[in-house]
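Visitor: Here it is, the structure in full.
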Amino acid sequence: MTATGLSAISFHTPHRYIGLDTLAEHHGIDPDKFSKGIGQEKIALPGHDEDIVTMAAEAAKPIIDRYGSDGIDTVLFATETGIDQSKAAGIYMHRLLGLPANCRNVEFKQACYSATAALQMACSYVARKPDRKVLVIASDVARYDLDSSGEATQGAGAVAMLVTANPTVLEIGANSGVFTEDIMDFWRPNDRRTPLFDGKYSTLRYLNAMIEAWKDYSENGGHSYDAFSHFCYHLPFSRMGEKAHRHLAKANKAPIEMDKALTGMAYNRVIGNSYTASIYLAVLSTLENTYADLTGQLLGLFSYGSGATGEFFDAKVVEGYQDHLFTARHANILNERIAVSYDDYVSLWNAYPLDDGSATMPEEARGRYRLASIDENKRIYIDQHA
Ligand code: CAA
């Protein structure tokens, strides 16, 4: 069978954030509740002219610059925060990146899970057509109502992945375990900008879906728990990943070795939830922040999307993977960010996303791509270097 998986993976997040200590101070609560109880430090905040399309283009651009776009004939764009009920967000990005016109483009939705469906389908496709490549995008703005219990778990970010045959970074295993149940733990009706959710219930259903997916993975011939050197979880907040890791270890009567999951949480702790992108940020964090050579090691991945669907699968690290990472670039993105005050955070929160028929956006994005305006409900994206 042809090996398939990732030959490149890169992220982007906006350059502004609010520190959760600032949020705690405003609400008059102990900052430890966020740093320890929730396990988060910062919430990434998009400007008026940044959204899932601009973040996706920023994340994918370094991959296109390094590897070119030859052979990419499919863009799968996964998001919970779609900007249009009809048109796929990937089509705007496709133009910004100058991808080949002979390319299919589609948007995937199932809460935070859909990037995993996109990745699995991309792997199946390149197994059938090994000379083709698929650009898989996970891009989201996690936004909860101000003063709600979810407020501290907001964030924003995009991950771009180049899926190929004979991958150079991660080989995605053919075995996976899946689980679906019809529940209302987190959902967003069409007329709402923010989700409705039952927070505590959602954390319990997440754990249940993980165990059910793990059982299915094991029954489908998956690796045993001991075979994994690291685990990457969907991380709505990093404490959720700690709970998941403890739960999975206990279910397997294994010792709780938190270091097998913690490296994967470093990026999420300072970016916040990024829905579809969060598990792939955990993958990147594991690859880029583990100083030991991971060649040949097996990662266990659990992807969860409320509503709910979960999937457990595995990925093997390919020799030479370090040469295909963007570690220094990612460090710069995180190091060059600026903190905003509580008042600036509220003003950004209220302005995004604009849904009036027409608007000109203030120039706030520091990156190359901007949502310049909305003109009679048409979103106008620009490449500032064009
Ligand atoms: N010092 C240290 N810890 C503290 C503390 C302090 N001063 N004060 C509180 N804590 C601890 C609490 O003891 C609690 O710990 P445990 O989880 O171990 O019980 C933790 O901080 C959280 O505090 P609360 O129990 O008071 O919970 P909360 O009201 O802040 O809500 C939440 C937590 C339910 C997760 C909320 O953030 C939420 O609703 N988030 C949105 C929904 C969500 O992310 N769900 C996750 C599963 S669904 C999913 O994964 C999809 C998705 O992306 C949304």
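In the structure tokens, chains take letters A, B, ... by order of appearance, with residues numbered from 1 within each chain and ligands from 1 in the order shown.
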Could the residues of chain A that have an atom at most 6 Å from ligand 1 be listed as a Markdown table, each with its closest atom pair and the distance in Å to one decimal, counting only C-alpha atoms and all ligand atoms and ordered by chain and ascending residue number?
Guide:
| residue | atom | partner | partner_atom_place_in_ligand_line | distance |
| --- | --- | --- | --- | --- |
| A:Asp30 | CA | ligand 1 | 7 (N) | 4.9 |
| A:Asp32 | CA | ligand 1 | 1 (N) | 4.2 |
| A:Lys33 | CA | ligand 1 | 5 (C) | 3.5 |
| A:Lys36 | CA | ligand 1 | 2 (C) | 4.9 |
| A:Gly37 | CA | ligand 1 | 21 (O) | 3.1 |
| A:Ile38 | CA | ligand 1 | 21 (O) | 5.3 |
| A:Cys112 | CA | ligand 1 | 53 (O) | 5.7 |
| A:Ser149 | CA | ligand 1 | 36 (C) | 4.7 |
| A:Gly150 | CA | ligand 1 | 40 (N) | 3.8 |
| A:Thr153 | CA | ligand 1 | 37 (O) | 5.8 |
| A:Gly199 | CA | ligand 1 | 39 (O) | 3.2 |
| A:Lys200 | CA | ligand 1 | 34 (C) | 4.3 |
| A:Ser202 | CA | ligand 1 | 47 (C) | 4.4 |
| A:Thr203 | CA | ligand 1 | 47 (C) | 4.0 |
| A:Tyr206 | CA | ligand 1 | 47 (C) | 5.5 |
| A:Pro236 | CA | ligand 1 | 53 (O) | 4.2 |
| A:Tyr275 | CA | ligand 1 | 53 (O) | 5.0 |
| A:Gly305 | CA | ligand 1 | 51 (C) | 5.5 |
| A:Ser306 | CA | ligand 1 | 51 (C) | 5.0 |
Visitor: Select, from A:Met184, A:His12, A:Leu284, A:Glu376, the residue with the minimum atom-to-atom distance to Asn332 (chain A), counting only C-alpha atoms.
Guide: A:His12
Visitor: Using only C-alpha atoms, can you tell me which of A:Ala174, A:Met265, A:Ile256, A:Ala152 comes closest to Leu20 (chain A)?
Guide: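 Of the candidates, the smallest distance to Leu20 (chain A) is held by A:Ala152.
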Visitor: For Gly173 (chain A), which residue out of A:Asp140, A:Asp314, A:Glu41, A:Glu257 is the nearest one, using only C-alpha atoms?
Guide: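 The answer is A:Asp314, which sits nearest to Gly173 (chain A).
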Visitor: At a cut-off of 6 Å, using only C-alpha atoms, what residues contact Gly310 (chain A)? Leave out same-chain residues fewer than 6 positions from it and give the result as a ChimeraX atom specification.
Guide: /A:178-179,209,303-304
Visitor: Take the residues just selected and output them with N, CA, C and O atoms as a tab-separated table (two decimals), in the first residue's frame.
Guide:
chain	number	residue	atom	x	y	z
A	178	VAL	N	-13.66	5.29	14.92
A	178	VAL	CA	-14.57	6.44	14.79
A	178	VAL	C	-15.81	6.23	15.67
A	178	VAL	O	-16.17	5.10	16.01
A	179	PHE	N	-16.46	7.34	16.00
A	179	PHE	CA	-17.63	7.28	16.86
A	179	PHE	C	-18.50	8.50	16.60
A	179	PHE	O	-17.99	9.62	16.50
A	209	ALA	N	-16.57	10.01	23.85
A	209	ALA	CA	-16.29	9.79	22.42
A	209	ALA	C	-14.87	9.27	22.23
A	209	ALA	O	-14.61	8.41	21.37
A	303	SER	N	-9.28	13.29	17.64
A	303	SER	CA	-9.97	14.46	17.08
A	303	SER	C	-11.43	14.42	17.53
A	303	SER	O	-12.07	13.36	17.44
A	304	TYR	N	-11.95	15.56	18.02
A	304	TYR	CA	-13.34	15.59	18.49
A	304	TYR	C	-14.07	16.79	17.91
A	304	TYR	O	-13.53	17.90	17.87
Visitor: For Val159 (chain A), list every protein, DNA or RNA residue within 8 Å, evaluated using only C-alpha atoms, and leave out those in the same chain fewer than 5 positions away; present the list as a list in words.
Guide: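 Selected residues are Ile9, Ser10, Phe11, His12, Ala56, Ala59, Ala60, Ile137, Ala138, Ser139, Ala277, Tyr280 and Leu281 of chain A.
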Visitor: Can I get the selected residues back with all heavy atoms, as a JSON list (two decimals), in the first residue's frame?
Guide:
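Saved as again-v1.json:
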[["chain", "number", "residue", "atom", "x", "y", "z"],
["A", 9, "ILE", "N", 3.62, 21.09, 7.04],
["A", 9, "ILE", "CA", 2.55, 21.55, 7.93],
["A", 9, "ILE", "C", 3.01, 22.88, 8.54],
["A", 9, "ILE", "O", 4.15, 23.01, 8.97],
["A", 9, "ILE", "CB", 2.20, 20.49, 9.01],
["A", 9, "ILE", "CG1", 1.20, 21.05, 10.03],
["A", 9, "ILE", "CG2", 3.40, 19.89, 9.68],
["A", 9, "ILE", "CD1", 0.55, 19.96, 10.92],
["A", 10, "SER", "N", 2.10, 23.86, 8.51],
["A", 10, "SER", "CA", 2.47, 25.22, 8.91],
["A", 10, "SER", "C", 1.27, 25.91, 9.55],
["A", 10, "SER", "O", 0.13, 25.61, 9.19],
["A", 10, "SER", "CB", 2.92, 25.95, 7.64],
["A", 10, "SER", "OG", 2.74, 27.33, 7.73],
["A", 11, "PHE", "N", 1.50, 26.83, 10.49],
["A", 11, "PHE", "CA", 0.35, 27.53, 11.08],
["A", 11, "PHE", "C", 0.48, 29.04, 10.99],
["A", 11, "PHE", "O", 1.56, 29.59, 10.77],
["A", 11, "PHE", "CB", 0.10, 27.09, 12.54],
["A", 11, "PHE", "CG", 0.92, 27.79, 13.61],
["A", 11, "PHE", "CD1", 0.62, 29.08, 14.02],
["A", 11, "PHE", "CD2", 1.96, 27.13, 14.24],
["A", 11, "PHE", "CE1", 1.34, 29.72, 15.03],
["A", 11, "PHE", "CE2", 2.69, 27.76, 15.25],
["A", 11, "PHE", "CZ", 2.39, 29.04, 15.64],
["A", 12, "HIS", "N", -0.66, 29.69, 11.22],
["A", 12, "HIS", "CA", -0.68, 31.14, 11.37],
["A", 12, "HIS", "C", -1.68, 31.50, 12.45],
["A", 12, "HIS", "O", -2.70, 30.82, 12.63],
["A", 12, "HIS", "CB", -1.08, 31.84, 10.06],
["A", 12, "HIS", "CG", -1.05, 33.33, 10.20],
["A", 12, "HIS", "ND1", 0.11, 34.05, 10.19],
["A", 12, "HIS", "CD2", -2.04, 34.23, 10.43],
["A", 12, "HIS", "CE1", -0.15, 35.33, 10.38],
["A", 12, "HIS", "NE2", -1.47, 35.47, 10.53],
["A", 56, "ALA", "N", -5.79, 31.34, 6.71],
["A", 56, "ALA", "CA", -5.47, 30.14, 5.92],
["A", 56, "ALA", "C", -4.40, 30.46, 4.87],
["A", 56, "ALA", "O", -3.44, 29.68, 4.69],
["A", 56, "ALA", "CB", -6.74, 29.64, 5.24],
["A", 59, "ALA", "N", -1.09, 30.79, 6.50],
["A", 59, "ALA", "CA", -0.54, 29.50, 6.92],
["A", 59, "ALA", "C", -0.01, 28.70, 5.74],
["A", 59, "ALA", "O", 1.02, 28.02, 5.84],
["A", 59, "ALA", "CB", -1.62, 28.69, 7.65],
["A", 60, "ALA", "N", -0.71, 28.78, 4.61],
["A", 60, "ALA", "CA", -0.33, 27.94, 3.46],
["A", 60, "ALA", "C", 0.80, 28.55, 2.62],
["A", 60, "ALA", "O", 1.54, 27.83, 1.94],
["A", 60, "ALA", "CB", -1.56, 27.72, 2.56],
["A", 137, "ILE", "N", -6.73, 22.53, 4.74],
["A", 137, "ILE", "CA", -6.69, 23.71, 5.60],
["A", 137, "ILE", "C", -7.65, 23.51, 6.78],
["A", 137, "ILE", "O", -8.77, 23.05, 6.59],
["A", 137, "ILE", "CB", -7.16, 24.97, 4.83],
["A", 137, "ILE", "CG1", -6.32, 25.22, 3.58],
["A", 137, "ILE", "CG2", -7.21, 26.19, 5.75],
["A", 137, "ILE", "CD1", -4.93, 25.70, 3.84],
["A", 138, "ALA", "N", -7.19, 23.88, 7.95],
["A", 138, "ALA", "CA", -8.08, 23.97, 9.12],
["A", 138, "ALA", "C", -7.96, 25.41, 9.62],
["A", 138, "ALA", "O", -6.85, 25.85, 9.94],
["A", 138, "ALA", "CB", -7.62, 23.00, 10.20],
["A", 139, "SER", "N", -9.06, 26.15, 9.62],
["A", 139, "SER", "CA", -8.95, 27.57, 9.99],
["A", 139, "SER", "C", -10.21, 27.98, 10.75],
["A", 139, "SER", "O", -11.33, 27.75, 10.28],
["A", 139, "SER", "CB", -8.80, 28.41, 8.71],
["A", 139, "SER", "OG", -8.59, 29.77, 9.04],
["A", 277, "ALA", "N", -8.46, 23.53, 13.81],
["A", 277, "ALA", "CA", -7.00, 23.56, 13.72],
["A", 277, "ALA", "C", -6.33, 23.05, 14.99],
["A", 277, "ALA", "O", -5.15, 22.70, 14.97],
["A", 277, "ALA", "CB", -6.53, 24.99, 13.42],
["A", 280, "TYR", "N", -4.23, 19.87, 15.12],
["A", 280, "TYR", "CA", -3.06, 19.94, 14.22],
["A", 280, "TYR", "C", -2.03, 20.93, 14.75],
["A", 280, "TYR", "O", -0.83, 20.78, 14.48],
["A", 280, "TYR", "CB", -3.52, 20.17, 12.77],
["A", 280, "TYR", "CG", -4.36, 18.97, 12.39],
["A", 280, "TYR", "CD1", -5.76, 19.03, 12.39],
["A", 280, "TYR", "CD2", -3.77, 17.74, 12.20],
["A", 280, "TYR", "CE1", -6.53, 17.89, 12.18],
["A", 280, "TYR", "CE2", -4.53, 16.59, 12.00],
["A", 280, "TYR", "CZ", -5.90, 16.68, 11.98],
["A", 280, "TYR", "OH", -6.64, 15.53, 11.79],
["A", 281, "LEU", "N", -2.48, 21.91, 15.55],
["A", 281, "LEU", "CA", -1.51, 22.74, 16.28],
["A", 281, "LEU", "C", -0.81, 21.87, 17.32],
["A", 281, "LEU", "O", 0.39, 22.05, 17.58],
["A", 281, "LEU", "CB", -2.25, 23.86, 17.02],
["A", 281, "LEU", "CG", -2.36, 25.21, 16.36],
["A", 281, "LEU", "CD1", -3.06, 26.17, 17.30],
["A", 281, "LEU", "CD2", -1.01, 25.77, 15.96]]
Visitor: Could you name the residues that touch Lys260 (chain A) at 8 Å or less, counting only C-alpha atoms, but leaving out those on the same chain fewer than 4 positions away, as a list in words?
Guide: Ser229, His230 and Phe231 of chain A
Visitor: Counting only C-alpha atoms, figure out which residue out of A:Gly300, A:Pro255, A:Pro130, A:Gly82 gets nearest to Lys316 (chain A).
Guide: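 Closest to Lys316 (chain A), using only C-alpha atoms: A:Gly300.
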Visitor: Which neighbours of region 113-127 of chain A fall inside 9 Å, counting only C-alpha atoms, when residues of the same chain fewer than 5 positions from it are skipped, and could you give them as an NGL selection string?
Guide: :A and (1-6 or 74 or 76-80 or 108 or 132-139 or 161 or 163-165 or 172 or 174 or 234 or 275-277 or 279-280 or 303-306 or 308-311)
